[in-house]
>>> print(open('structure.cif').read())   # mmCIF, C-alpha atoms and all ligand atoms
data_coords
#
loop_
_atom_site.group_PDB
_atom_site.id
_atom_site.type_symbol
_atom_site.label_atom_id
_atom_site.label_comp_id
_atom_site.auth_asym_id
_atom_site.auth_seq_id
_atom_site.Cartn_x
_atom_site.Cartn_y
_atom_site.Cartn_z
ATOM 1 C CA MET Z 1 1.646 -8.342 21.565
ATOM 2 C CA ARG Z 2 -1.094 -6.802 23.644
ATOM 3 C CA SER Z 3 -3.413 -6.447 20.666
ATOM 4 C CA ALA Z 4 -2.606 -9.972 19.585
ATOM 5 C CA ALA Z 5 -3.572 -11.284 22.993
ATOM 6 C CA ILE Z 6 -6.873 -9.430 22.908
ATOM 7 C CA GLY Z 7 -7.529 -10.712 19.414
ATOM 8 C CA LEU Z 8 -6.850 -14.218 20.589
ATOM 9 C CA ALA Z 9 -9.243 -13.886 23.492
ATOM 10 C CA VAL Z 10 -11.971 -12.868 21.077
ATOM 11 C CA GLY Z 11 -11.081 -15.716 18.738
ATOM 12 C CA LEU Z 12 -11.237 -18.244 21.538
ATOM 13 C CA TRP Z 13 -14.592 -17.023 22.699
ATOM 14 C CA VAL Z 14 -15.930 -17.534 19.211
ATOM 15 C CA THR Z 15 -14.266 -20.940 19.139
ATOM 16 C CA ALA Z 16 -15.951 -22.014 22.326
ATOM 17 C CA ALA Z 17 -19.303 -20.958 20.942
ATOM 18 C CA ASN Z 18 -19.382 -22.764 17.630
ATOM 19 C CA ALA Z 19 -16.109 -23.946 16.190
ATOM 20 C CA HIS Z 20 -14.780 -27.426 15.855
ATOM 21 C CA LEU Z 21 -11.411 -28.828 14.721
ATOM 22 C CA ALA Z 22 -9.192 -28.981 11.648
ATOM 23 C CA VAL Z 23 -5.542 -29.366 10.671
ATOM 24 C CA PHE Z 24 -3.285 -26.334 10.685
ATOM 25 C CA THR Z 25 -0.088 -26.921 8.719
ATOM 26 C CA LYS Z 26 2.255 -25.415 6.224
ATOM 27 C CA GLY Z 27 0.734 -26.052 2.796
ATOM 28 C CA MET Z 28 -2.871 -25.719 3.961
ATOM 29 C CA TRP Z 29 -5.536 -23.844 2.102
ATOM 30 C CA CYS Z 30 -6.973 -21.009 4.201
ATOM 31 C CA LEU Z 31 -3.820 -20.191 6.188
ATOM 32 C CA ASN Z 32 -4.568 -16.969 8.095
ATOM 33 C CA GLY Z 33 -8.222 -17.369 7.240
ATOM 34 C CA ALA Z 34 -10.277 -16.854 4.135
ATOM 35 C CA ASP Z 35 -9.224 -13.190 4.069
ATOM 36 C CA GLY Z 36 -5.550 -14.177 4.430
ATOM 37 C CA ASN Z 37 -5.116 -11.823 7.346
ATOM 38 C CA ASN Z 38 -6.409 -13.509 10.484
ATOM 39 C CA LEU Z 39 -3.926 -15.155 12.848
ATOM 40 C CA ASN Z 40 -6.898 -16.279 14.975
ATOM 41 C CA SER Z 41 -8.724 -17.875 12.067
ATOM 42 C CA ASP Z 42 -11.065 -20.777 12.582
ATOM 43 C CA ASP Z 43 -12.243 -20.639 8.967
ATOM 44 C CA PRO Z 44 -11.056 -24.156 7.942
ATOM 45 C CA VAL Z 45 -12.696 -25.528 11.072
ATOM 46 C CA THR Z 46 -16.314 -24.716 10.361
ATOM 47 C CA PRO Z 47 -18.330 -27.896 9.884
ATOM 48 C CA LEU Z 48 -19.889 -28.904 6.582
ATOM 49 C CA TYR Z 49 -23.482 -30.060 6.752
ATOM 50 C CA GLU Z 50 -26.133 -30.592 4.063
ATOM 51 C CA LEU Z 51 -24.265 -28.443 1.546
ATOM 52 C CA ASP Z 52 -24.064 -28.718 -2.206
ATOM 53 C CA GLN Z 53 -20.802 -30.203 -3.387
ATOM 54 C CA SER Z 54 -19.817 -26.827 -4.843
ATOM 55 C CA GLN Z 55 -19.931 -25.490 -1.282
ATOM 56 C CA TRP Z 56 -18.248 -28.265 0.711
ATOM 57 C CA TRP Z 57 -15.585 -29.192 -1.832
ATOM 58 C CA PHE Z 58 -12.329 -27.695 -0.494
ATOM 59 C CA HIS Z 59 -14.420 -25.697 1.950
ATOM 60 C CA ALA Z 60 -15.789 -23.220 -0.587
ATOM 61 C CA ILE Z 61 -18.621 -22.319 1.781
ATOM 62 C CA ASN Z 62 -16.529 -19.578 3.375
ATOM 63 C CA GLY Z 63 -13.951 -18.977 0.653
ATOM 64 C CA CYS Z 64 -11.174 -21.236 1.947
ATOM 65 C CA ASN Z 65 -10.978 -22.787 -1.541
ATOM 66 C CA ASN Z 66 -9.839 -19.419 -2.885
ATOM 67 C CA ARG Z 67 -6.964 -19.111 -0.439
ATOM 68 C CA PRO Z 68 -4.261 -21.502 -1.728
ATOM 69 C CA PRO Z 69 -0.948 -21.886 0.079
ATOM 70 C CA ALA Z 70 1.879 -19.574 -0.910
ATOM 71 C CA ASP Z 71 4.073 -20.746 -3.777
ATOM 72 C CA GLY Z 72 6.601 -23.232 -2.439
ATOM 73 C CA ASP Z 73 4.603 -24.089 0.688
ATOM 74 C CA PHE Z 74 4.027 -27.817 0.932
ATOM 75 C CA LEU Z 75 3.307 -30.407 3.564
ATOM 76 C CA THR Z 76 6.126 -32.889 2.950
ATOM 77 C CA LEU Z 77 5.309 -36.587 3.224
ATOM 78 C CA PRO Z 78 8.412 -38.737 3.809
ATOM 79 C CA ALA Z 79 7.603 -42.180 2.407
ATOM 80 C CA GLY Z 80 7.933 -44.895 5.045
ATOM 81 C CA GLU Z 81 8.071 -42.459 7.931
ATOM 82 C CA SER Z 82 5.442 -40.431 9.714
ATOM 83 C CA ILE Z 83 4.406 -36.829 10.045
ATOM 84 C CA THR Z 84 2.980 -34.930 12.968
ATOM 85 C CA VAL Z 85 0.557 -32.114 12.238
ATOM 86 C CA GLU Z 86 -1.475 -29.879 14.491
ATOM 87 C CA ILE Z 87 -5.232 -30.258 14.915
ATOM 88 C CA ALA Z 88 -6.788 -27.246 16.543
ATOM 89 C CA ALA Z 89 -9.920 -25.193 16.993
ATOM 90 C CA ASN Z 90 -8.209 -21.968 15.993
ATOM 91 C CA GLN Z 91 -4.958 -21.076 14.287
ATOM 92 C CA GLY Z 92 -4.176 -18.810 17.247
ATOM 93 C CA VAL Z 93 -3.452 -21.839 19.446
ATOM 94 C CA THR Z 94 -1.098 -23.494 16.959
ATOM 95 C CA SER Z 95 2.568 -22.956 16.193
ATOM 96 C CA LEU Z 96 1.535 -21.103 13.008
ATOM 97 C CA SER Z 97 0.501 -17.989 14.952
ATOM 98 C CA PHE Z 98 2.179 -15.793 17.594
ATOM 99 C CA ASP Z 99 5.361 -17.917 17.578
ATOM 100 C CA GLY Z 100 3.323 -20.680 19.155
ATOM 101 C CA GLN Z 101 3.038 -18.941 22.499
ATOM 102 C CA TYR Z 102 -0.611 -19.989 23.003
ATOM 103 C CA VAL Z 103 -0.218 -23.700 22.240
ATOM 104 C CA SER Z 104 -0.942 -26.441 24.737
ATOM 105 C CA ASP Z 105 -1.119 -30.220 24.420
ATOM 106 C CA TRP Z 106 -4.775 -29.804 23.413
ATOM 107 C CA PRO Z 107 -6.505 -28.344 20.352
ATOM 108 C CA ASP Z 108 -7.803 -25.264 22.174
ATOM 109 C CA GLY Z 109 -4.737 -24.062 24.055
ATOM 110 C CA GLN Z 110 -6.159 -25.257 27.393
ATOM 111 C CA SER Z 111 -5.092 -28.078 29.693
ATOM 112 C CA TYR Z 112 -7.008 -31.235 30.490
ATOM 113 C CA PRO Z 113 -6.160 -34.604 32.042
ATOM 114 C CA ASP Z 114 -4.792 -37.238 29.665
ATOM 115 C CA ASN Z 115 -7.885 -39.379 30.180
ATOM 116 C CA TYR Z 116 -10.181 -36.400 29.619
ATOM 117 C CA VAL Z 117 -13.838 -37.336 29.963
ATOM 118 C CA ARG Z 118 -16.916 -35.385 30.826
ATOM 119 C CA PHE Z 119 -19.843 -36.714 32.772
ATOM 120 C CA PHE Z 120 -23.451 -35.690 33.115
ATOM 121 C CA ALA Z 121 -22.919 -35.860 36.871
ATOM 122 C CA ALA Z 122 -23.538 -32.168 37.354
ATOM 123 C CA ILE Z 123 -26.986 -32.518 35.838
ATOM 124 C CA PHE Z 124 -28.158 -36.011 36.603
ATOM 125 C CA ASP Z 125 -25.910 -37.027 39.452
ATOM 126 C CA THR Z 126 -24.799 -40.108 37.559
ATOM 127 C CA ASN Z 127 -21.592 -41.205 35.914
ATOM 128 C CA VAL Z 128 -23.038 -41.352 32.421
ATOM 129 C CA PRO Z 129 -20.366 -40.088 30.023
ATOM 130 C CA SER Z 130 -21.269 -36.939 28.154
ATOM 131 C CA CYS Z 131 -19.790 -35.350 25.039
ATOM 132 C CA ILE Z 132 -16.683 -33.215 25.352
ATOM 133 C CA THR Z 133 -17.577 -29.775 24.047
ATOM 134 C CA SER Z 134 -14.480 -27.776 24.923
ATOM 135 C CA PRO Z 135 -12.653 -28.237 22.722
ATOM 136 C CA ASN Z 136 -15.518 -29.358 20.512
ATOM 137 C CA MET Z 137 -14.150 -32.830 19.757
ATOM 138 C CA HIS Z 138 -17.500 -34.542 19.145
ATOM 139 C CA THR Z 139 -16.609 -37.474 21.365
ATOM 140 C CA GLN Z 140 -17.093 -38.719 24.903
ATOM 141 C CA ASN Z 141 -13.461 -39.753 25.343
ATOM 142 C CA GLN Z 142 -10.395 -40.781 23.360
ATOM 143 C CA SER Z 143 -11.564 -44.314 22.673
ATOM 144 C CA MET Z 144 -14.772 -43.020 21.082
ATOM 145 C CA ALA Z 145 -13.013 -40.505 18.791
ATOM 146 C CA ALA Z 146 -14.062 -41.483 15.268
ATOM 147 C CA GLY Z 147 -10.729 -41.175 13.414
ATOM 148 C CA THR Z 148 -9.308 -38.812 10.823
ATOM 149 C CA ALA Z 149 -7.574 -39.353 7.484
ATOM 150 C CA LEU Z 150 -5.235 -37.895 4.911
ATOM 151 C CA ALA Z 151 -5.769 -38.459 1.194
ATOM 152 C CA ILE Z 152 -3.728 -37.603 -1.880
ATOM 153 C CA ALA Z 153 -4.435 -36.802 -5.519
ATOM 154 C CA TYR Z 154 -1.539 -37.049 -7.983
ATOM 155 C CA VAL Z 155 -2.354 -33.771 -9.686
ATOM 156 C CA SER Z 156 -0.890 -30.321 -9.033
ATOM 157 C CA ASP Z 157 -3.901 -28.202 -9.909
ATOM 158 C CA VAL Z 158 -6.635 -28.303 -7.312
ATOM 159 C CA ALA Z 159 -9.153 -27.929 -10.150
ATOM 160 C CA ASP Z 160 -8.143 -31.404 -11.303
ATOM 161 C CA VAL Z 161 -8.959 -33.085 -8.002
ATOM 162 C CA THR Z 162 -12.105 -35.193 -7.931
ATOM 163 C CA PRO Z 163 -13.555 -37.628 -5.401
ATOM 164 C CA GLU Z 164 -12.403 -40.324 -7.837
ATOM 165 C CA ASN Z 165 -8.689 -39.455 -7.751
ATOM 166 C CA LEU Z 166 -8.353 -38.570 -4.073
ATOM 167 C CA VAL Z 167 -7.009 -41.698 -2.352
ATOM 168 C CA VAL Z 168 -6.939 -42.167 1.413
ATOM 169 C CA PHE Z 169 -3.381 -43.122 2.397
ATOM 170 C CA SER Z 170 -3.278 -42.729 6.164
ATOM 171 C CA VAL Z 171 -5.769 -43.033 8.989
ATOM 172 C CA ALA Z 172 -5.306 -42.144 12.644
ATOM 173 C CA TYR Z 173 -7.806 -44.011 14.830
ATOM 174 C CA ASN Z 174 -9.067 -42.312 17.985
ATOM 175 C CA THR Z 175 -8.427 -38.835 16.666
ATOM 176 C CA PRO Z 176 -8.913 -35.933 16.756
ATOM 177 C CA TRP Z 177 -7.736 -35.856 20.340
ATOM 178 C CA LYS Z 178 -4.610 -33.944 21.313
ATOM 179 C CA ARG Z 179 -3.190 -31.086 19.243
ATOM 180 C CA GLU Z 180 -0.257 -33.018 17.805
ATOM 181 C CA THR Z 181 -1.511 -35.831 15.632
ATOM 182 C CA THR Z 182 0.686 -38.336 13.841
ATOM 183 C CA TYR Z 183 -0.013 -40.002 10.503
ATOM 184 C CA ASP Z 184 2.082 -42.841 9.071
ATOM 185 C CA ILE Z 185 3.171 -42.420 5.455
ATOM 186 C CA PRO Z 186 3.261 -45.525 3.238
ATOM 187 C CA ALA Z 187 6.765 -46.449 2.063
ATOM 188 C CA GLU Z 188 5.440 -46.989 -1.454
ATOM 189 C CA LEU Z 189 4.008 -43.507 -1.960
ATOM 190 C CA PRO Z 190 5.441 -42.264 -5.273
ATOM 191 C CA ALA Z 191 6.849 -38.812 -5.997
ATOM 192 C CA CYS Z 192 4.438 -36.069 -6.997
ATOM 193 C CA PRO Z 193 4.471 -34.123 -10.283
ATOM 194 C CA ASP Z 194 6.721 -31.049 -10.343
ATOM 195 C CA GLY Z 195 4.044 -28.782 -8.897
ATOM 196 C CA GLY Z 196 3.378 -31.168 -6.028
ATOM 197 C CA CYS Z 197 0.227 -33.087 -5.194
ATOM 198 C CA ILE Z 198 -3.040 -32.043 -3.632
ATOM 199 C CA CYS Z 199 -3.809 -33.650 -0.293
ATOM 200 C CA ALA Z 200 -6.917 -33.423 1.833
ATOM 201 C CA TRP Z 201 -7.725 -33.979 5.481
ATOM 202 C CA GLY Z 202 -11.040 -35.442 6.522
ATOM 203 C CA TRP Z 203 -13.009 -36.185 9.666
ATOM 204 C CA ILE Z 204 -16.541 -37.364 10.311
ATOM 205 C CA PRO Z 205 -17.247 -37.445 14.046
ATOM 206 C CA ASN Z 206 -19.296 -40.233 15.590
ATOM 207 C CA ALA Z 207 -22.330 -38.329 16.858
ATOM 208 C CA CYS Z 208 -21.938 -35.918 19.794
ATOM 209 C CA GLY Z 209 -23.649 -33.226 17.753
ATOM 210 C CA GLU Z 210 -24.743 -32.569 14.187
ATOM 211 C CA ALA Z 211 -23.664 -35.131 11.567
ATOM 212 C CA ASN Z 212 -20.919 -32.837 10.309
ATOM 213 C CA MET Z 213 -18.146 -33.447 7.853
ATOM 214 C CA TYR Z 214 -14.747 -31.739 7.797
ATOM 215 C CA PHE Z 215 -12.780 -31.458 4.575
ATOM 216 C CA GLU Z 216 -9.677 -29.384 4.037
ATOM 217 C CA GLY Z 217 -7.142 -28.944 1.234
ATOM 218 C CA ILE Z 218 -3.376 -29.121 1.711
ATOM 219 C CA ARG Z 219 -0.664 -28.840 -0.960
ATOM 220 C CA CYS Z 220 1.713 -31.711 -0.383
ATOM 221 C CA GLN Z 221 4.768 -33.370 -1.843
ATOM 222 C CA VAL Z 222 6.273 -36.805 -1.308
ATOM 223 C CA THR Z 223 9.862 -37.673 -0.539
ATOM 224 C CA PRO Z 224 9.754 -41.100 -2.175
ATOM 225 C CA GLY Z 225 11.541 -44.243 -1.072
ATOM 226 C CA SER Z 226 13.087 -46.884 -3.310
ATOM 227 C CA ASN Z 227 9.976 -48.997 -3.758
ATOM 228 C CA SER Z 228 7.409 -46.580 -5.169
ATOM 229 C CA LYS Z 229 4.207 -47.888 -6.685
ATOM 230 C CA PRO Z 230 1.463 -45.909 -8.365
ATOM 231 C CA VAL Z 231 -1.673 -45.424 -6.326
ATOM 232 C CA GLY Z 232 -4.744 -47.232 -7.540
ATOM 233 C CA THR Z 233 -8.168 -45.865 -8.367
ATOM 234 C CA PRO Z 234 -10.146 -45.469 -5.162
ATOM 235 C CA LYS Z 235 -13.676 -46.744 -4.646
ATOM 236 C CA PRO Z 236 -16.285 -45.283 -2.292
ATOM 237 C CA PRO Z 237 -16.116 -46.937 1.138
ATOM 238 C CA VAL Z 238 -19.134 -48.848 2.453
ATOM 239 C CA TRP Z 239 -20.428 -49.527 5.951
ATOM 240 C CA CYS Z 240 -19.198 -53.010 6.942
ATOM 241 C CA GLU Z 241 -19.185 -53.068 10.754
ATOM 242 C CA ASP Z 242 -21.437 -56.125 10.887
ATOM 243 C CA ASP Z 243 -19.835 -57.977 7.956
ATOM 244 C CA SER Z 244 -16.150 -57.360 7.340
ATOM 245 C CA SER Z 245 -16.375 -59.362 4.100
ATOM 246 C CA ALA Z 246 -18.486 -56.487 2.746
ATOM 247 C CA CYS Z 247 -15.703 -53.918 3.279
ATOM 248 C CA VAL Z 248 -14.222 -52.325 0.179
ATOM 249 C CA THR Z 249 -10.773 -53.807 -0.245
ATOM 250 C CA GLY Z 250 -8.118 -51.806 -1.998
ATOM 251 C CA PRO Z 251 -7.947 -48.065 -2.602
ATOM 252 C CA LYS Z 252 -10.702 -46.054 -0.991
ATOM 253 C CA GLN Z 253 -12.119 -42.587 -1.562
ATOM 254 C CA MET Z 254 -12.627 -40.191 1.296
ATOM 255 C CA LEU Z 255 -15.998 -40.298 3.017
ATOM 256 C CA PHE Z 256 -18.502 -37.736 1.779
ATOM 257 C CA TRP Z 257 -21.617 -37.865 3.913
ATOM 258 C CA HIS Z 258 -24.676 -35.941 4.967
ATOM 259 C CA GLN Z 259 -24.375 -33.298 2.268
ATOM 260 C CA ALA Z 260 -27.050 -32.022 -0.093
ATOM 261 C CA SER Z 261 -25.078 -33.413 -3.033
ATOM 262 C CA GLY Z 262 -21.900 -35.347 -3.688
ATOM 263 C CA ASN Z 263 -22.342 -37.995 -1.009
ATOM 264 C CA ASN Z 264 -20.545 -41.295 -1.620
ATOM 265 C CA ILE Z 265 -21.947 -43.276 1.306
ATOM 266 C CA GLU Z 266 -25.437 -43.748 2.706
ATOM 267 C CA VAL Z 267 -26.242 -45.510 5.962
ATOM 268 C CA SER Z 268 -29.430 -46.189 7.865
ATOM 269 C CA GLY Z 269 -30.316 -47.717 11.182
ATOM 270 C CA LEU Z 270 -28.199 -48.411 14.216
ATOM 271 C CA ASP Z 271 -24.638 -49.590 14.641
ATOM 272 C CA LEU Z 272 -23.655 -52.547 16.841
ATOM 273 C CA ALA Z 273 -23.434 -50.242 19.857
ATOM 274 C CA GLY Z 274 -27.064 -49.221 19.322
ATOM 275 C CA GLU Z 275 -26.263 -45.704 18.127
ATOM 276 C CA PHE Z 276 -27.205 -44.196 14.782
ATOM 277 C CA LYS Z 277 -24.688 -45.331 12.189
ATOM 278 C CA SER Z 278 -22.077 -42.701 11.479
ATOM 279 C CA PRO Z 279 -19.496 -43.529 8.816
ATOM 280 C CA GLY Z 280 -15.963 -42.695 9.873
ATOM 281 C CA TYR Z 281 -12.295 -43.334 9.202
ATOM 282 C CA ASN Z 282 -12.276 -46.554 11.207
ATOM 283 C CA ALA Z 283 -13.000 -50.258 10.881
ATOM 284 C CA LYS Z 284 -16.750 -49.729 10.541
ATOM 285 C CA CYS Z 285 -16.075 -48.480 7.009
ATOM 286 C CA GLY Z 286 -13.150 -50.815 6.335
ATOM 287 C CA PHE Z 287 -10.345 -48.386 7.100
ATOM 288 C CA ALA Z 288 -7.385 -49.916 8.908
ATOM 289 C CA ASN Z 289 -5.342 -47.819 11.318
ATOM 290 C CA GLY Z 290 -2.110 -46.243 10.106
ATOM 291 C CA LYS Z 291 -0.641 -46.278 6.634
ATOM 292 C CA LEU Z 292 -2.915 -47.960 4.150
ATOM 293 C CA TYR Z 293 -0.674 -50.316 2.309
ATOM 294 C CA HIS Z 294 -0.074 -54.056 2.411
ATOM 295 C CA SER Z 295 -2.719 -54.394 5.039
ATOM 296 C CA LEU Z 296 -5.396 -56.851 4.017
ATOM 297 C CA GLY Z 297 -8.469 -55.056 2.794
ATOM 298 C CA THR Z 298 -6.849 -51.666 2.610
ATOM 299 C CA VAL Z 299 -4.166 -51.938 -0.063
ATOM 300 C CA ILE Z 300 -4.251 -48.604 -1.802
ATOM 301 C CA PHE Z 301 -1.808 -49.276 -4.593
ATOM 302 C CA SER Z 302 -1.985 -51.288 -7.726
ATOM 303 C CA GLY Z 303 1.059 -53.257 -8.856
HETATM 304 C C1 LIG Z 401 -15.952 -43.729 26.511
HETATM 305 O O1 LIG Z 401 -17.279 -43.376 26.199
HETATM 306 C C2 LIG Z 401 -18.103 -44.475 25.874
HETATM 307 C C3 LIG Z 401 -19.457 -43.937 25.423
HETATM 308 O O2 LIG Z 401 -20.054 -43.146 26.380
HETATM 309 C C4 LIG Z 401 -18.224 -45.412 27.086
HETATM 310 O O3 LIG Z 401 -19.003 -46.528 26.735
HETATM 311 C C5 LIG Z 401 -16.824 -45.854 27.481
HETATM 312 O O4 LIG Z 401 -16.904 -46.620 28.655
HETATM 313 C C6 LIG Z 401 -15.937 -44.646 27.725
HETATM 314 N N1 LIG Z 401 -14.572 -45.103 27.964
HETATM 315 C C7 LIG Z 401 -13.802 -44.549 28.901
HETATM 316 C C8 LIG Z 401 -12.434 -45.095 29.008
HETATM 317 O O5 LIG Z 401 -14.209 -43.652 29.642
#
>>> encode(input="structure.cif", output="structure tokens", more="lines below")
Ligand SMILES: *[C@@H]1O[C@H](CO)[C@@H](O)[C@H](O)[C@H]1NC(C)=O
Amino acid sequence: MRSAAIGLAVGLWVTAANAHLAVFTKGMWCLNGADGNNLNSDDPVTPLYELDQSQWWFHAINGCNNRPPADGDFLTLPAGESITVEIAANQGVTSLSFDGQYVSDWPDGQSYPDNYVRFFAAIFDTNVPSCITSPNMHTQNQSMAAGTALAIAYVSDVADVTPENLVVFSVAYNTPWKRETTYDIPAELPACPDGGCICAWGWIPNACGEANMYFEGIRCQVTPGSNSKPVGTPKPPVWCEDDSSACVTGPKQMLFWHQASGNNIEVSGLDLAGEFKSPGYNAKCGFANGKLYHSLGTVIFSG
């Protein structure tokens, strides 16, 4: 264990310097890193910025797309219930590494107050809120956290996934925040094909740093309920903070933003808070909180 602890210390130092956050779960692409051998991996966590679609799609930029989950490893989605997954800066501080001995309530294995905020006070002697950088959550506090989402494509081969068949089915407002993050699963989610489905996790922070995108692949399967309905064809979301009638109703694609190619949303100017618009998994782009079904404006299923 000694060498593991030293390895972790190195991993955390790297994390503090440049890493961000992503989901670590059974079924994920890039478990144990792009080389398949790193219990302190932060490979799925590296932000995606101004990349060609071939590079950001399933995190090809560092080879995560070539590291599928082991046969039989799935994230299971129980229709009508919820799942809790871990969001972390490094696999070393999740339950997937070292028997979970380095986990804490937070994504970096450290401890913070529940109402964690950071102020510029040390610099300016004021109470102006600053951005939390450890862990690198790209937010000033929980209420400003932009939101994260899970999406699903009803295909088993990742090569068959496209932005046009990847449907957002659950959003968690005010995340990422603590390590354990809960997503509600729509009761109507149908069963997957025999080989399972391909899911994806996404996050676009609201400022507090570069306009990054996070996009990660997860093999998933659904335990269906008795009222399954096929998912509809998703449309690209649009910015609708100032006019909710402009929001895309019905199934929505994930948000693909600030890349060199493959974007599906463009924004310009300032939001209602006077900050540069930053599309996210929240009401500003028409995403309701929780499972996206039977909620006006966010029905994701046809039929
Ligand atoms: C969270 O941060 C925002 C932006 O700085 C600030 O307006 C808000 O008052 C903060 N909320 C809390 C509860 O600290």
>>> axis_aligned_box(input="structure.cif", around="ligand LIG 401 (chain Z)", padding_each_side="4 Å", output="JSON")
{"center_x": -16.2, "center_y": -44.9, "center_z": 27.5, "size_x": 15.6, "size_y": 11.5, "size_z": 12.2}
>>> resolve_selection(input="structure.cif", expression="the PyMOL selection byres (((chain Z and resi 139-151) around 7) and not hetatm)", output="number ranges by chain")
Z: 116-118, 129-132, 137-138, 152, 166-177, 199-206, 208, 280-282
>>> closest_residue(input="structure.cif", among="Z:Leu255, Z:Ala288, Z:Asp114, Z:Tyr183", to="ligand LIG 401 (chain Z)", atoms="all atoms listed in the file")
Z:Asp114
>>> resolve_selection(input="structure.cif", expression="the PyMOL selection byres (((chain Z and resi 262) around 10) and not hetatm)", output="count of residues only")
16
>>> resolve_selection(input="structure.cif", expression="the PyMOL selection byres (((chain Z and resi 221) around 6) and not hetatm)", output="VMD selection string")
chain Z and resid 76 192 196 to 197 220 222
>>> atom_distance(input="structure.cif", atom1="CA of Gln110 in chain Z", atom2="atom N1 of ligand LIG 401 (chain Z)")
21.6 Å
>>> residues_around(input="structure.cif", residues="Thr181 in chain Z", least_positions_apart="3", cutoff="7 Å", atoms="all atoms listed in the file", output="list of chain:residue names")
Z:Thr84, Z:Val85, Z:Glu86, Z:Ile87, Z:Lys178
>>> closest_residue(input="structure.cif", among="Z:Phe74, Z:Ser244, Z:Lys235, Z:Val267", to="Ile198 in chain Z", atoms="all atoms listed in the file")
Z:Phe74
>>> closest_residue(input="structure.cif", among="Z:Ala207, Z:Val158, Z:Leu21, Z:Val103", to="Asn65 in chain Z", atoms="all atoms listed in the file")
Z:Val158
>>> atom_distance(input="structure.cif", atom1="CA of Thr182 in chain Z", atom2="CA of Ile83 in chain Z")
5.5 Å
>>> closest_residue(input="structure.cif", among="Z:Pro230, Z:Asn115, Z:Arg179, Z:Asp108", to="ligand LIG 401 (chain Z)", atoms="only C-alpha atoms and all ligand atoms")
Z:Asn115
>>> closest_residue(input="structure.cif", among="Z:Ser245, Z:Ala273, Z:Gly217, Z:Leu75", to="ligand LIG 401 (chain Z)", atoms="all atoms listed in the file")
Z:Ala273
>>> residues_around(input="structure.cif", residues="Gly33 in chain Z", least_positions_apart="2", cutoff="12 Å", atoms="all atoms listed in the file", output="mmCIF file with C-alpha atoms, keeping the file's coordinate frame")
data_model
loop_
_atom_site.group_PDB
_atom_site.id
_atom_site.type_symbol
_atom_site.label_atom_id
_atom_site.label_comp_id
_atom_site.auth_asym_id
_atom_site.auth_seq_id
_atom_site.Cartn_x
_atom_site.Cartn_y
_atom_site.Cartn_z
ATOM 1 C CA GLY Z 11 -11.081 -15.716 18.738
ATOM 2 C CA PHE Z 24 -3.285 -26.334 10.685
ATOM 3 C CA MET Z 28 -2.871 -25.719 3.961
ATOM 4 C CA TRP Z 29 -5.536 -23.844 2.102
ATOM 5 C CA CYS Z 30 -6.973 -21.009 4.201
ATOM 6 C CA LEU Z 31 -3.820 -20.191 6.188
ATOM 7 C CA ASP Z 35 -9.224 -13.190 4.069
ATOM 8 C CA GLY Z 36 -5.550 -14.177 4.430
ATOM 9 C CA ASN Z 37 -5.116 -11.823 7.346
ATOM 10 C CA ASN Z 38 -6.409 -13.509 10.484
ATOM 11 C CA LEU Z 39 -3.926 -15.155 12.848
ATOM 12 C CA ASN Z 40 -6.898 -16.279 14.975
ATOM 13 C CA SER Z 41 -8.724 -17.875 12.067
ATOM 14 C CA ASP Z 42 -11.065 -20.777 12.582
ATOM 15 C CA ASP Z 43 -12.243 -20.639 8.967
ATOM 16 C CA PRO Z 44 -11.056 -24.156 7.942
ATOM 17 C CA VAL Z 45 -12.696 -25.528 11.072
ATOM 18 C CA THR Z 46 -16.314 -24.716 10.361
ATOM 19 C CA HIS Z 59 -14.420 -25.697 1.950
ATOM 20 C CA ASN Z 62 -16.529 -19.578 3.375
ATOM 21 C CA GLY Z 63 -13.951 -18.977 0.653
ATOM 22 C CA CYS Z 64 -11.174 -21.236 1.947
ATOM 23 C CA ASN Z 65 -10.978 -22.787 -1.541
ATOM 24 C CA ASN Z 66 -9.839 -19.419 -2.885
ATOM 25 C CA ARG Z 67 -6.964 -19.111 -0.439
ATOM 26 C CA PRO Z 68 -4.261 -21.502 -1.728
ATOM 27 C CA PRO Z 69 -0.948 -21.886 0.079
ATOM 28 C CA ASN Z 90 -8.209 -21.968 15.993
ATOM 29 C CA GLN Z 91 -4.958 -21.076 14.287
ATOM 30 C CA GLY Z 92 -4.176 -18.810 17.247
ATOM 31 C CA LEU Z 96 1.535 -21.103 13.008
ATOM 32 C CA SER Z 97 0.501 -17.989 14.952
#
>>> closest_residue(input="structure.cif", among="Z:Asp184, Z:Glu275, Z:Glu266, Z:Glu216", to="ligand LIG 401 (chain Z)", atoms="all atoms listed in the file")
Z:Glu275
>>> atom_distance(input="structure.cif", atom1="CA of Ala283 in chain Z", atom2="CA of Glu241 in chain Z")
6.8 Å
>>> residues_around(input="structure.cif", residues="Ala187 in chain Z", least_positions_apart="4", cutoff="7 Å", atoms="all atoms listed in the file", output="MDAnalysis selection string")
chainID Z and resid 79:80 225
>>> write_last_selection(input="structure.cif", atoms="C-alpha atoms", output="PDB file, in the frame of the given file")
ATOM      1  CA  ALA Z  79       7.603 -42.180   2.407  1.00  0.00           C
ATOM      2  CA  GLY Z  80       7.933 -44.895   5.045  1.00  0.00           C
ATOM      3  CA  GLY Z 225      11.541 -44.243  -1.072  1.00  0.00           C
TER       4      GLY Z 225
END
